[in-house]
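Engineer: My structure is stored as my_file_27.cif, with mmCIF, N, CA and C atoms.
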data_protein
loop_
_atom_site.label_atom_id
_atom_site.label_comp_id
_atom_site.auth_asym_id
_atom_site.auth_seq_id
_atom_site.Cartn_x
_atom_site.Cartn_y
_atom_site.Cartn_z
N MET F 124 28.33 -3.20 -10.64
CA MET F 124 27.36 -4.12 -10.08
C MET F 124 25.99 -3.84 -10.69
N GLY F 125 25.32 -4.87 -11.15
CA GLY F 125 23.99 -4.72 -11.72
C GLY F 125 22.94 -4.52 -10.64
N LEU F 126 21.83 -3.94 -11.01
CA LEU F 126 20.76 -3.68 -10.05
C LEU F 126 20.30 -4.95 -9.34
N SER F 127 20.18 -6.05 -10.07
CA SER F 127 19.64 -7.27 -9.48
C SER F 127 20.60 -7.94 -8.52
N GLU F 128 21.89 -7.63 -8.58
CA GLU F 128 22.85 -8.27 -7.69
C GLU F 128 22.60 -7.93 -6.22
N GLY F 129 22.10 -6.73 -5.96
CA GLY F 129 21.81 -6.33 -4.59
C GLY F 129 20.65 -7.08 -3.97
N LEU F 130 19.88 -7.80 -4.78
CA LEU F 130 18.73 -8.54 -4.24
C LEU F 130 19.16 -9.75 -3.43
N SER F 131 20.44 -10.09 -3.46
CA SER F 131 20.92 -11.20 -2.63
C SER F 131 20.92 -10.82 -1.16
N ASN F 132 20.87 -9.53 -0.86
CA ASN F 132 20.78 -9.04 0.51
C ASN F 132 19.30 -9.10 0.92
N PRO F 133 18.93 -9.99 1.87
CA PRO F 133 17.52 -10.16 2.24
C PRO F 133 16.85 -8.88 2.72
N THR F 134 17.58 -8.02 3.41
CA THR F 134 16.99 -6.78 3.90
C THR F 134 16.64 -5.86 2.74
N LYS F 135 17.58 -5.71 1.81
CA LYS F 135 17.31 -4.87 0.63
C LYS F 135 16.17 -5.44 -0.19
N LYS F 136 16.18 -6.74 -0.36
CA LYS F 136 15.16 -7.40 -1.17
C LYS F 136 13.78 -7.16 -0.57
N ALA F 137 13.65 -7.36 0.72
CA ALA F 137 12.36 -7.15 1.39
C ALA F 137 11.92 -5.69 1.28
N MET F 138 12.87 -4.76 1.40
CA MET F 138 12.55 -3.35 1.31
C MET F 138 12.01 -3.00 -0.07
N VAL F 139 12.70 -3.44 -1.10
CA VAL F 139 12.29 -3.07 -2.46
C VAL F 139 10.98 -3.74 -2.84
N ILE F 140 10.74 -4.96 -2.40
CA ILE F 140 9.46 -5.63 -2.67
C ILE F 140 8.33 -4.85 -2.02
N ASP F 141 8.52 -4.47 -0.76
CA ASP F 141 7.50 -3.71 -0.03
C ASP F 141 7.24 -2.37 -0.71
N GLU F 142 8.31 -1.67 -1.09
CA GLU F 142 8.13 -0.37 -1.75
C GLU F 142 7.43 -0.53 -3.10
N CYS F 143 7.77 -1.57 -3.84
CA CYS F 143 7.12 -1.81 -5.13
C CYS F 143 5.62 -2.08 -4.95
N CYS F 144 5.29 -2.90 -3.97
CA CYS F 144 3.88 -3.20 -3.72
C CYS F 144 3.12 -1.95 -3.30
N ASN F 145 3.74 -1.12 -2.47
CA ASN F 145 3.10 0.14 -2.07
C ASN F 145 2.93 1.06 -3.28
N MET F 146 3.94 1.11 -4.14
CA MET F 146 3.88 1.94 -5.33
C MET F 146 2.74 1.49 -6.24
N ILE F 147 2.59 0.18 -6.39
CA ILE F 147 1.50 -0.36 -7.22
C ILE F 147 0.15 0.07 -6.65
N GLU F 148 -0.01 -0.04 -5.34
CA GLU F 148 -1.27 0.35 -4.70
C GLU F 148 -1.56 1.83 -4.92
N VAL F 149 -0.54 2.69 -4.78
CA VAL F 149 -0.72 4.13 -4.98
C VAL F 149 -1.07 4.43 -6.43
N GLN F 150 -0.36 3.79 -7.35
CA GLN F 150 -0.66 3.99 -8.77
C GLN F 150 -2.09 3.58 -9.08
N LEU F 151 -2.50 2.44 -8.56
CA LEU F 151 -3.84 1.93 -8.81
C LEU F 151 -4.90 2.87 -8.22
N ALA F 152 -4.64 3.37 -7.02
CA ALA F 152 -5.59 4.28 -6.37
C ALA F 152 -5.78 5.57 -7.16
N SER F 153 -4.78 5.96 -7.93
CA SER F 153 -4.86 7.21 -8.70
C SER F 153 -5.69 7.06 -9.98
N LYS F 154 -6.04 5.84 -10.35
CA LYS F 154 -6.79 5.60 -11.58
C LYS F 154 -8.27 5.92 -11.35
N SER F 155 -8.89 6.53 -12.35
CA SER F 155 -10.30 6.89 -12.21
C SER F 155 -11.06 6.51 -13.48
N GLY F 156 -12.34 6.73 -13.45
CA GLY F 156 -13.18 6.44 -14.60
C GLY F 156 -13.42 4.95 -14.76
N MET F 157 -13.98 4.60 -15.89
CA MET F 157 -14.31 3.19 -16.15
C MET F 157 -13.05 2.32 -16.25
N SER F 158 -12.02 2.85 -16.87
CA SER F 158 -10.79 2.06 -16.98
C SER F 158 -10.15 1.87 -15.61
N GLY F 159 -10.26 2.87 -14.76
CA GLY F 159 -9.75 2.74 -13.40
C GLY F 159 -10.51 1.69 -12.61
N ILE F 160 -11.80 1.69 -12.75
CA ILE F 160 -12.63 0.69 -12.08
C ILE F 160 -12.26 -0.71 -12.57
N ALA F 161 -12.09 -0.85 -13.88
CA ALA F 161 -11.74 -2.15 -14.46
C ALA F 161 -10.37 -2.62 -13.94
N LEU F 162 -9.42 -1.71 -13.89
CA LEU F 162 -8.08 -2.07 -13.39
C LEU F 162 -8.15 -2.49 -11.92
N LYS F 163 -8.86 -1.73 -11.12
CA LYS F 163 -8.98 -2.05 -9.70
C LYS F 163 -9.67 -3.40 -9.49
N THR F 164 -10.68 -3.68 -10.29
CA THR F 164 -11.37 -4.96 -10.20
C THR F 164 -10.44 -6.11 -10.58
N ALA F 165 -9.71 -5.92 -11.66
CA ALA F 165 -8.77 -6.95 -12.11
C ALA F 165 -7.68 -7.20 -11.07
N PHE F 166 -7.18 -6.12 -10.49
CA PHE F 166 -6.14 -6.25 -9.47
C PHE F 166 -6.68 -6.98 -8.24
N ALA F 167 -7.90 -6.67 -7.85
CA ALA F 167 -8.52 -7.36 -6.72
C ALA F 167 -8.65 -8.85 -7.02
N ALA F 168 -8.97 -9.19 -8.26
CA ALA F 168 -9.07 -10.62 -8.63
C ALA F 168 -7.71 -11.29 -8.52
N LEU F 169 -6.66 -10.60 -8.97
CA LEU F 169 -5.32 -11.18 -8.87
C LEU F 169 -4.89 -11.33 -7.42
N LYS F 170 -5.22 -10.35 -6.59
CA LYS F 170 -4.89 -10.46 -5.16
C LYS F 170 -5.59 -11.66 -4.53
N GLY F 171 -6.74 -12.02 -5.09
CA GLY F 171 -7.50 -13.13 -4.55
C GLY F 171 -7.01 -14.50 -5.00
N VAL F 172 -6.01 -14.55 -5.88
CA VAL F 172 -5.48 -15.84 -6.33
C VAL F 172 -5.00 -16.65 -5.14
N LYS F 173 -4.26 -16.00 -4.26
CA LYS F 173 -3.84 -16.61 -3.00
C LYS F 173 -3.26 -15.51 -2.13
N PRO F 174 -3.27 -15.68 -0.81
CA PRO F 174 -2.71 -14.64 0.06
C PRO F 174 -1.24 -14.37 -0.29
N GLY F 175 -0.91 -13.09 -0.36
CA GLY F 175 0.48 -12.71 -0.65
C GLY F 175 0.88 -12.88 -2.11
N TYR F 176 -0.10 -13.02 -3.00
CA TYR F 176 0.22 -13.29 -4.40
C TYR F 176 0.98 -12.12 -5.05
N ILE F 177 0.58 -10.89 -4.80
CA ILE F 177 1.23 -9.75 -5.44
C ILE F 177 2.68 -9.61 -4.97
N PRO F 178 2.96 -9.64 -3.66
CA PRO F 178 4.38 -9.59 -3.26
C PRO F 178 5.19 -10.77 -3.81
N TYR F 179 4.55 -11.92 -3.91
CA TYR F 179 5.23 -13.10 -4.48
C TYR F 179 5.63 -12.84 -5.94
N VAL F 180 4.69 -12.31 -6.72
CA VAL F 180 4.97 -12.04 -8.13
C VAL F 180 6.05 -10.96 -8.25
N VAL F 181 5.94 -9.91 -7.45
CA VAL F 181 6.96 -8.86 -7.48
C VAL F 181 8.33 -9.46 -7.19
N GLU F 182 8.41 -10.30 -6.17
CA GLU F 182 9.69 -10.94 -5.82
C GLU F 182 10.21 -11.79 -6.98
N GLN F 183 9.32 -12.48 -7.67
CA GLN F 183 9.73 -13.36 -8.76
C GLN F 183 10.24 -12.59 -9.98
N ILE F 184 9.61 -11.47 -10.32
CA ILE F 184 10.00 -10.77 -11.55
C ILE F 184 11.03 -9.66 -11.34
N LEU F 185 11.24 -9.27 -10.09
CA LEU F 185 12.16 -8.15 -9.83
C LEU F 185 13.55 -8.36 -10.40
N PRO F 186 14.18 -9.52 -10.24
CA PRO F 186 15.52 -9.68 -10.83
C PRO F 186 15.54 -9.47 -12.34
N GLN F 187 14.53 -10.00 -13.04
CA GLN F 187 14.48 -9.82 -14.49
C GLN F 187 14.20 -8.36 -14.86
N CYS F 188 13.35 -7.70 -14.07
CA CYS F 188 13.07 -6.28 -14.32
C CYS F 188 14.34 -5.45 -14.16
N PHE F 189 15.08 -5.72 -13.09
CA PHE F 189 16.31 -4.98 -12.86
C PHE F 189 17.34 -5.26 -13.94
N THR F 190 17.42 -6.50 -14.39
CA THR F 190 18.34 -6.84 -15.48
C THR F 190 17.95 -6.08 -16.75
N ALA F 191 16.66 -6.02 -17.03
CA ALA F 191 16.18 -5.31 -18.21
C ALA F 191 16.44 -3.81 -18.13
N LEU F 192 16.40 -3.27 -16.91
CA LEU F 192 16.61 -1.83 -16.72
C LEU F 192 18.07 -1.44 -16.54
N ASP F 193 18.93 -2.40 -16.27
CA ASP F 193 20.34 -2.10 -16.03
C ASP F 193 20.97 -1.15 -17.06
N PRO F 194 20.81 -1.43 -18.37
CA PRO F 194 21.45 -0.54 -19.34
C PRO F 194 20.93 0.90 -19.28
N ILE F 195 19.62 1.05 -19.09
CA ILE F 195 19.03 2.39 -19.04
C ILE F 195 19.47 3.10 -17.77
N TRP F 196 19.45 2.37 -16.65
CA TRP F 196 19.87 2.94 -15.37
C TRP F 196 21.34 3.35 -15.44
N SER F 197 22.18 2.50 -16.01
CA SER F 197 23.61 2.80 -16.12
C SER F 197 23.86 4.05 -16.95
N GLU F 198 23.10 4.22 -18.04
CA GLU F 198 23.21 5.46 -18.82
C GLU F 198 22.89 6.66 -17.95
N GLY F 199 21.86 6.53 -17.13
CA GLY F 199 21.47 7.61 -16.24
C GLY F 199 22.53 7.90 -15.19
N VAL F 200 23.16 6.85 -14.67
CA VAL F 200 24.23 7.04 -13.69
C VAL F 200 25.38 7.82 -14.34
N GLU F 201 25.72 7.43 -15.56
CA GLU F 201 26.80 8.13 -16.29
C GLU F 201 26.46 9.60 -16.51
N LYS F 202 25.18 9.90 -16.70
CA LYS F 202 24.75 11.28 -16.92
C LYS F 202 24.53 12.04 -15.61
N GLY F 203 24.60 11.31 -14.49
CA GLY F 203 24.47 11.95 -13.18
C GLY F 203 23.07 12.00 -12.61
N ASP F 204 22.09 11.43 -13.29
CA ASP F 204 20.72 11.47 -12.80
C ASP F 204 19.94 10.25 -13.31
N PRO F 205 20.16 9.09 -12.68
CA PRO F 205 19.47 7.89 -13.17
C PRO F 205 17.95 7.96 -13.03
N VAL F 206 17.45 8.58 -11.97
CA VAL F 206 16.00 8.70 -11.79
C VAL F 206 15.41 9.54 -12.91
N GLY F 207 16.04 10.68 -13.16
CA GLY F 207 15.57 11.55 -14.24
C GLY F 207 15.68 10.90 -15.60
N HIS F 208 16.74 10.11 -15.78
CA HIS F 208 16.97 9.45 -17.06
C HIS F 208 15.87 8.40 -17.33
N LEU F 209 15.55 7.59 -16.33
CA LEU F 209 14.47 6.62 -16.51
C LEU F 209 13.15 7.33 -16.80
N SER F 210 12.90 8.41 -16.06
CA SER F 210 11.66 9.16 -16.25
C SER F 210 11.60 9.80 -17.63
N LYS F 211 12.70 10.36 -18.06
CA LYS F 211 12.78 11.01 -19.38
C LYS F 211 12.61 9.98 -20.50
N ASN F 212 13.08 8.78 -20.26
CA ASN F 212 12.99 7.69 -21.24
C ASN F 212 11.93 6.67 -20.84
N ARG F 213 10.80 7.17 -20.38
CA ARG F 213 9.78 6.29 -19.82
C ARG F 213 9.20 5.32 -20.84
N SER F 214 9.17 5.67 -22.11
CA SER F 214 8.66 4.75 -23.12
C SER F 214 9.60 3.55 -23.26
N HIS F 215 10.88 3.81 -23.35
CA HIS F 215 11.89 2.74 -23.44
C HIS F 215 11.89 1.91 -22.16
N THR F 216 11.78 2.58 -21.01
CA THR F 216 11.75 1.90 -19.72
C THR F 216 10.53 0.99 -19.63
N ALA F 217 9.38 1.50 -20.05
CA ALA F 217 8.14 0.70 -20.02
C ALA F 217 8.27 -0.52 -20.94
N ASP F 218 8.85 -0.32 -22.11
CA ASP F 218 9.05 -1.46 -23.03
C ASP F 218 9.93 -2.53 -22.39
N ALA F 219 10.99 -2.10 -21.70
CA ALA F 219 11.89 -3.06 -21.05
C ALA F 219 11.15 -3.85 -19.97
N LEU F 220 10.35 -3.16 -19.17
CA LEU F 220 9.60 -3.83 -18.10
C LEU F 220 8.52 -4.75 -18.67
N LEU F 221 7.83 -4.29 -19.69
CA LEU F 221 6.77 -5.12 -20.28
C LEU F 221 7.33 -6.33 -21.01
N SER F 222 8.55 -6.26 -21.49
CA SER F 222 9.15 -7.46 -22.11
C SER F 222 9.30 -8.56 -21.06
N VAL F 223 9.56 -8.17 -19.82
CA VAL F 223 9.69 -9.14 -18.73
C VAL F 223 8.33 -9.76 -18.41
N THR F 224 7.31 -8.92 -18.26
CA THR F 224 5.99 -9.46 -17.91
C THR F 224 5.38 -10.23 -19.07
N ASP F 225 5.64 -9.80 -20.30
CA ASP F 225 5.14 -10.56 -21.46
C ASP F 225 5.71 -11.97 -21.46
N ALA F 226 7.01 -12.08 -21.21
CA ALA F 226 7.65 -13.41 -21.20
C ALA F 226 7.13 -14.23 -20.02
N ARG F 227 6.94 -13.59 -18.90
CA ARG F 227 6.49 -14.29 -17.69
C ARG F 227 5.07 -14.85 -17.85
N VAL F 228 4.18 -14.06 -18.43
CA VAL F 228 2.78 -14.48 -18.52
C VAL F 228 2.61 -15.65 -19.48
N LYS F 229 3.51 -15.81 -20.43
CA LYS F 229 3.43 -16.95 -21.35
C LYS F 229 3.49 -18.28 -20.61
N ASN F 230 4.17 -18.29 -19.46
CA ASN F 230 4.31 -19.51 -18.67
C ASN F 230 3.36 -19.58 -17.48
N ALA F 231 2.46 -18.60 -17.37
CA ALA F 231 1.53 -18.58 -16.23
C ALA F 231 0.59 -19.77 -16.32
N LYS F 232 0.46 -20.46 -15.22
CA LYS F 232 -0.41 -21.65 -15.18
C LYS F 232 -1.86 -21.29 -14.88
N ARG F 233 -2.06 -20.19 -14.20
CA ARG F 233 -3.42 -19.80 -13.81
C ARG F 233 -4.08 -19.00 -14.94
N GLN F 234 -5.23 -19.46 -15.37
CA GLN F 234 -5.96 -18.81 -16.45
C GLN F 234 -6.35 -17.38 -16.07
N ILE F 235 -6.69 -17.16 -14.81
CA ILE F 235 -7.09 -15.81 -14.39
C ILE F 235 -5.93 -14.83 -14.58
N VAL F 236 -4.72 -15.29 -14.36
CA VAL F 236 -3.54 -14.43 -14.54
C VAL F 236 -3.34 -14.13 -16.03
N ARG F 237 -3.33 -15.16 -16.84
CA ARG F 237 -3.14 -14.97 -18.29
C ARG F 237 -4.26 -14.11 -18.88
N GLY F 238 -5.49 -14.46 -18.53
CA GLY F 238 -6.64 -13.74 -19.08
C GLY F 238 -6.65 -12.27 -18.68
N THR F 239 -6.36 -12.00 -17.43
CA THR F 239 -6.34 -10.62 -16.95
C THR F 239 -5.24 -9.84 -17.65
N TYR F 240 -4.07 -10.43 -17.75
CA TYR F 240 -2.94 -9.75 -18.40
C TYR F 240 -3.27 -9.45 -19.87
N GLU F 241 -3.80 -10.45 -20.56
CA GLU F 241 -4.12 -10.27 -21.98
C GLU F 241 -5.19 -9.20 -22.18
N LYS F 242 -6.14 -9.13 -21.26
CA LYS F 242 -7.21 -8.14 -21.36
C LYS F 242 -6.67 -6.72 -21.24
N PHE F 243 -5.68 -6.52 -20.39
CA PHE F 243 -5.18 -5.17 -20.12
C PHE F 243 -3.86 -4.86 -20.81
N ARG F 244 -3.31 -5.80 -21.54
CA ARG F 244 -1.99 -5.59 -22.15
C ARG F 244 -1.98 -4.42 -23.12
N GLY F 245 -3.06 -4.21 -23.85
CA GLY F 245 -3.13 -3.12 -24.82
C GLY F 245 -2.94 -1.75 -24.21
N SER F 246 -3.40 -1.56 -22.99
CA SER F 246 -3.27 -0.25 -22.32
C SER F 246 -2.15 -0.25 -21.29
N ALA F 247 -1.46 -1.36 -21.16
CA ALA F 247 -0.45 -1.49 -20.11
C ALA F 247 0.69 -0.49 -20.24
N LYS F 248 1.15 -0.26 -21.46
CA LYS F 248 2.31 0.63 -21.62
C LYS F 248 2.03 2.01 -21.05
N LYS F 249 0.86 2.55 -21.31
CA LYS F 249 0.49 3.87 -20.78
C LYS F 249 0.58 3.87 -19.25
N HIS F 250 0.06 2.83 -18.63
CA HIS F 250 0.06 2.77 -17.17
C HIS F 250 1.48 2.58 -16.62
N VAL F 251 2.26 1.77 -17.29
CA VAL F 251 3.65 1.56 -16.84
C VAL F 251 4.44 2.85 -17.01
N GLU F 252 4.25 3.54 -18.13
CA GLU F 252 4.94 4.81 -18.33
C GLU F 252 4.60 5.80 -17.21
N GLU F 253 3.34 5.83 -16.80
CA GLU F 253 2.92 6.73 -15.72
C GLU F 253 3.60 6.36 -14.40
N ALA F 254 3.91 5.09 -14.22
CA ALA F 254 4.52 4.63 -12.96
C ALA F 254 6.05 4.74 -12.96
N VAL F 255 6.66 4.96 -14.11
CA VAL F 255 8.13 4.96 -14.19
C VAL F 255 8.78 5.93 -13.21
N PRO F 256 8.34 7.19 -13.08
CA PRO F 256 9.02 8.07 -12.13
C PRO F 256 9.01 7.53 -10.70
N ASP F 257 7.88 6.96 -10.27
CA ASP F 257 7.81 6.40 -8.92
C ASP F 257 8.69 5.16 -8.79
N PHE F 258 8.70 4.32 -9.82
CA PHE F 258 9.54 3.13 -9.79
C PHE F 258 11.02 3.51 -9.79
N ALA F 259 11.36 4.55 -10.53
CA ALA F 259 12.75 5.02 -10.55
C ALA F 259 13.18 5.48 -9.15
N LYS F 260 12.27 6.11 -8.42
CA LYS F 260 12.58 6.53 -7.04
C LYS F 260 12.77 5.33 -6.13
N VAL F 261 11.95 4.29 -6.32
CA VAL F 261 12.12 3.06 -5.54
C VAL F 261 13.50 2.47 -5.81
N ILE F 262 13.89 2.41 -7.07
CA ILE F 262 15.21 1.87 -7.42
C ILE F 262 16.31 2.73 -6.80
N ASP F 263 16.14 4.03 -6.87
CA ASP F 263 17.13 4.94 -6.29
C ASP F 263 17.28 4.71 -4.79
N ASN F 264 16.16 4.59 -4.09
CA ASN F 264 16.21 4.30 -2.65
C ASN F 264 16.95 2.99 -2.38
N TYR F 265 16.63 2.01 -3.16
CA TYR F 265 17.21 0.66 -3.04
C TYR F 265 18.72 0.68 -3.27
N THR F 266 19.17 1.45 -4.24
CA THR F 266 20.60 1.47 -4.54
C THR F 266 21.39 2.25 -3.50
N LYS F 267 20.71 3.06 -2.71
CA LYS F 267 21.41 3.88 -1.69
C LYS F 267 21.49 3.19 -0.34
N VAL F 268 20.66 2.16 -0.13
CA VAL F 268 20.63 1.46 1.18
C VAL F 268 21.88 0.62 1.34
#
Could you render the structure from this file as structure tokens?
Structural biologist:
Amino acid sequence: MGLSEGLSNPTKKAMVIDECCNMIEVQLASKSGMSGIALKTAFAALKGVKPGYIPYVVEQILPQCFTALDPIWSEGVEKGDPVGHLSKNRSHTADALLSVTDARVKNAKRQIVRGTYEKFRGSAKKHVEEAVPDFAKVIDNYTKV
């Protein structure tokens, strides 16, 4: 069974969306300096697009993210430690996740979304790589429920 197949269960889906949103907030709070301020400002602007925008976006891209991560996660399952495997291969994992967001932003209708993404895309991989261990734990929790 692929990771995204479990999203058909409304309880699991709600749990993973909530955990992902919390993880994003924690990751963002850990950022400091000028780049941290810029990221926090950009995120606040995206949150202001409409109420519930971030959970909505997470819900929309989660199936594609899980599909992109399925092969890496499955390798980790075969090795007995999928969380560790994603973390150890965080560059590959980040590339898989960013391929989803890159494709998604091409169709974004809101200029603030496209503009914000394009502004931060150059440094995005570093930030996604830093978040991979926490995201891997969210996936692990989700697969055990």
Engineer: I'd like to know which of F:Thr134, F:Ala152, F:Leu209, F:Cys144 is closest to Thr164 (chain F), using only C-alpha atoms.
Structural biologist: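 Ranked by minimum distance to Thr164 (chain F), first place goes to F:Ala152.
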Engineer: With a distance cut-off of 8 Å and only N, CA and C atoms, select the neighbouring residues of Tyr265 (chain F), excluding the residue or stretch itself and same-chain residues fewer than 6 positions from it, and output the selection as a list in words.
Structural biologist: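 Result of the neighbour search: Gly129, Lys135, Lys136, Met138, Val139 and Ala259 of chain F.
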Engineer: With the PyMOL selection byres (((chain F and resi 168-183 and name CA) around 10) and name CA) as the selection, what would be picked from this file? Answer as a PDB file with N, CA and C atoms, in the coordinates of the input, please.
Structural biologist:
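Below is the file that was written, selection_36.pdb:
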ATOM      1  N   LEU F 130      19.880  -7.800  -4.780  1.00  0.00           N
ATOM      2  CA  LEU F 130      18.730  -8.540  -4.240  1.00  0.00           C
ATOM      3  C   LEU F 130      19.160  -9.750  -3.430  1.00  0.00           C
ATOM      4  N   LYS F 136      16.180  -6.740  -0.360  1.00  0.00           N
ATOM      5  CA  LYS F 136      15.160  -7.400  -1.170  1.00  0.00           C
ATOM      6  C   LYS F 136      13.780  -7.160  -0.570  1.00  0.00           C
ATOM      7  N   ALA F 137      13.650  -7.360   0.720  1.00  0.00           N
ATOM      8  CA  ALA F 137      12.360  -7.150   1.390  1.00  0.00           C
ATOM      9  C   ALA F 137      11.920  -5.690   1.280  1.00  0.00           C
ATOM     10  N   VAL F 139      12.700  -3.440  -1.100  1.00  0.00           N
ATOM     11  CA  VAL F 139      12.290  -3.070  -2.460  1.00  0.00           C
ATOM     12  C   VAL F 139      10.980  -3.740  -2.840  1.00  0.00           C
ATOM     13  N   ILE F 140      10.740  -4.960  -2.400  1.00  0.00           N
ATOM     14  CA  ILE F 140       9.460  -5.630  -2.670  1.00  0.00           C
ATOM     15  C   ILE F 140       8.330  -4.850  -2.020  1.00  0.00           C
ATOM     16  N   ASP F 141       8.520  -4.470  -0.760  1.00  0.00           N
ATOM     17  CA  ASP F 141       7.500  -3.710  -0.030  1.00  0.00           C
ATOM     18  C   ASP F 141       7.240  -2.370  -0.710  1.00  0.00           C
ATOM     19  N   CYS F 143       7.770  -1.570  -3.840  1.00  0.00           N
ATOM     20  CA  CYS F 143       7.120  -1.810  -5.130  1.00  0.00           C
ATOM     21  C   CYS F 143       5.620  -2.080  -4.950  1.00  0.00           C
ATOM     22  N   CYS F 144       5.290  -2.900  -3.970  1.00  0.00           N
ATOM     23  CA  CYS F 144       3.880  -3.200  -3.720  1.00  0.00           C
ATOM     24  C   CYS F 144       3.120  -1.950  -3.300  1.00  0.00           C
ATOM     25  N   ASN F 145       3.740  -1.120  -2.470  1.00  0.00           N
ATOM     26  CA  ASN F 145       3.100   0.140  -2.070  1.00  0.00           C
ATOM     27  C   ASN F 145       2.930   1.060  -3.280  1.00  0.00           C
ATOM     28  N   ILE F 147       2.590   0.180  -6.390  1.00  0.00           N
ATOM     29  CA  ILE F 147       1.500  -0.360  -7.220  1.00  0.00           C
ATOM     30  C   ILE F 147       0.150   0.070  -6.650  1.00  0.00           C
ATOM     31  N   LEU F 162      -9.420  -1.710 -13.890  1.00  0.00           N
ATOM     32  CA  LEU F 162      -8.080  -2.070 -13.390  1.00  0.00           C
ATOM     33  C   LEU F 162      -8.150  -2.490 -11.920  1.00  0.00           C
ATOM     34  N   LYS F 163      -8.860  -1.730 -11.120  1.00  0.00           N
ATOM     35  CA  LYS F 163      -8.980  -2.050  -9.700  1.00  0.00           C
ATOM     36  C   LYS F 163      -9.670  -3.400  -9.490  1.00  0.00           C
ATOM     37  N   THR F 164     -10.680  -3.680 -10.290  1.00  0.00           N
ATOM     38  CA  THR F 164     -11.370  -4.960 -10.200  1.00  0.00           C
ATOM     39  C   THR F 164     -10.440  -6.110 -10.580  1.00  0.00           C
ATOM     40  N   ALA F 165      -9.710  -5.920 -11.660  1.00  0.00           N
ATOM     41  CA  ALA F 165      -8.770  -6.950 -12.110  1.00  0.00           C
ATOM     42  C   ALA F 165      -7.680  -7.200 -11.070  1.00  0.00           C
ATOM     43  N   PHE F 166      -7.180  -6.120 -10.490  1.00  0.00           N
ATOM     44  CA  PHE F 166      -6.140  -6.250  -9.470  1.00  0.00           C
ATOM     45  C   PHE F 166      -6.680  -6.980  -8.240  1.00  0.00           C
ATOM     46  N   ALA F 167      -7.900  -6.670  -7.850  1.00  0.00           N
ATOM     47  CA  ALA F 167      -8.520  -7.360  -6.720  1.00  0.00           C
ATOM     48  C   ALA F 167      -8.650  -8.850  -7.020  1.00  0.00           C
ATOM     49  N   ILE F 184       9.610 -11.470 -10.320  1.00  0.00           N
ATOM     50  CA  ILE F 184      10.000 -10.770 -11.550  1.00  0.00           C
ATOM     51  C   ILE F 184      11.030  -9.660 -11.340  1.00  0.00           C
ATOM     52  N   LEU F 185      11.240  -9.270 -10.090  1.00  0.00           N
ATOM     53  CA  LEU F 185      12.160  -8.150  -9.830  1.00  0.00           C
ATOM     54  C   LEU F 185      13.550  -8.360 -10.400  1.00  0.00           C
ATOM     55  N   PRO F 186      14.180  -9.520 -10.240  1.00  0.00           N
ATOM     56  CA  PRO F 186      15.520  -9.680 -10.830  1.00  0.00           C
ATOM     57  C   PRO F 186      15.540  -9.470 -12.340  1.00  0.00           C
ATOM     58  N   GLN F 187      14.530 -10.000 -13.040  1.00  0.00           N
ATOM     59  CA  GLN F 187      14.480  -9.820 -14.490  1.00  0.00           C
ATOM     60  C   GLN F 187      14.200  -8.360 -14.860  1.00  0.00           C
ATOM     61  N   CYS F 188      13.350  -7.700 -14.070  1.00  0.00           N
ATOM     62  CA  CYS F 188      13.070  -6.280 -14.320  1.00  0.00           C
ATOM     63  C   CYS F 188      14.340  -5.450 -14.160  1.00  0.00           C
ATOM     64  N   ARG F 227       6.940 -13.590 -18.900  1.00  0.00           N
ATOM     65  CA  ARG F 227       6.490 -14.290 -17.690  1.00  0.00           C
ATOM     66  C   ARG F 227       5.070 -14.850 -17.850  1.00  0.00           C
ATOM     67  N   ARG F 233      -2.060 -20.190 -14.200  1.00  0.00           N
ATOM     68  CA  ARG F 233      -3.420 -19.800 -13.810  1.00  0.00           C
ATOM     69  C   ARG F 233      -4.080 -19.000 -14.940  1.00  0.00           C
ATOM     70  N   ILE F 235      -6.690 -17.160 -14.810  1.00  0.00           N
ATOM     71  CA  ILE F 235      -7.090 -15.810 -14.390  1.00  0.00           C
ATOM     72  C   ILE F 235      -5.930 -14.830 -14.580  1.00  0.00           C
ATOM     73  N   VAL F 236      -4.720 -15.290 -14.360  1.00  0.00           N
ATOM     74  CA  VAL F 236      -3.540 -14.430 -14.540  1.00  0.00           C
ATOM     75  C   VAL F 236      -3.340 -14.130 -16.030  1.00  0.00           C
ATOM     76  N   THR F 239      -6.360 -12.000 -17.430  1.00  0.00           N
ATOM     77  CA  THR F 239      -6.340 -10.620 -16.950  1.00  0.00           C
ATOM     78  C   THR F 239      -5.240  -9.840 -17.650  1.00  0.00           C
ATOM     79  N   TYR F 240      -4.070 -10.430 -17.750  1.00  0.00           N
ATOM     80  CA  TYR F 240      -2.940  -9.750 -18.400  1.00  0.00           C
ATOM     81  C   TYR F 240      -3.270  -9.450 -19.870  1.00  0.00           C
TER      82      TYR F 240
END
Engineer: With all atoms listed in the file as the atoms that count, which of F:Arg237, F:Asn230, F:Asn212, F:Ser222 lies nearest to Val255 (chain F)?
Structural biologist: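 Result for the nearest residue to Val255 (chain F): F:Asn212.
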Engineer: If you measure from CA of Lys154 (chain F) to atom N of Asp263 (chain F), what distance in Å do you get, rounded to one decimal?
Structural biologist: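 Computed distance, CA of Lys154 (chain F) to atom N of Asp263 (chain F), equals 23.5 Å.
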Engineer: Rounded to one decimal in Å, what is the spacing between atom C of Phe189 (chain F) and atom N of Glu241 (chain F)?
Structural biologist: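 Computing the Euclidean distance for atom C of Phe189 (chain F) and atom N of Glu241 (chain F) yields 22.8 Å.
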Engineer: Determine the nearest neighbour of Asp218 (chain F) from the options F:Pro256, F:Ser153, F:Gly159, F:Val251, counting all atoms listed in the file.
Structural biologist: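 Nearest candidate to Asp218 (chain F) out of F:Pro256, F:Ser153, F:Gly159, F:Val251: F:Val251.
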Engineer: Quick one: pull the distance between atom N of Val206 (chain F) and atom N of Phe243 (chain F), Å, one decimal.
Structural biologist: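 Here the two named atoms are 28.9 Å from each other.
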Engineer: Around the point (-2.4, 8.1, -19.2) in the file's coordinates, collect all residues with an atom within 12 Å, using only C-alpha atoms, and return them as a list in words.
Structural biologist: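 Within the cut-off we find Gln150, Ser153, Lys154, Ser155, Gly156, Ser158, Gly159, Ser246, Ala247, Lys248, Lys249, His250, Val251, Glu252, Glu253 and Ala254 of chain F.
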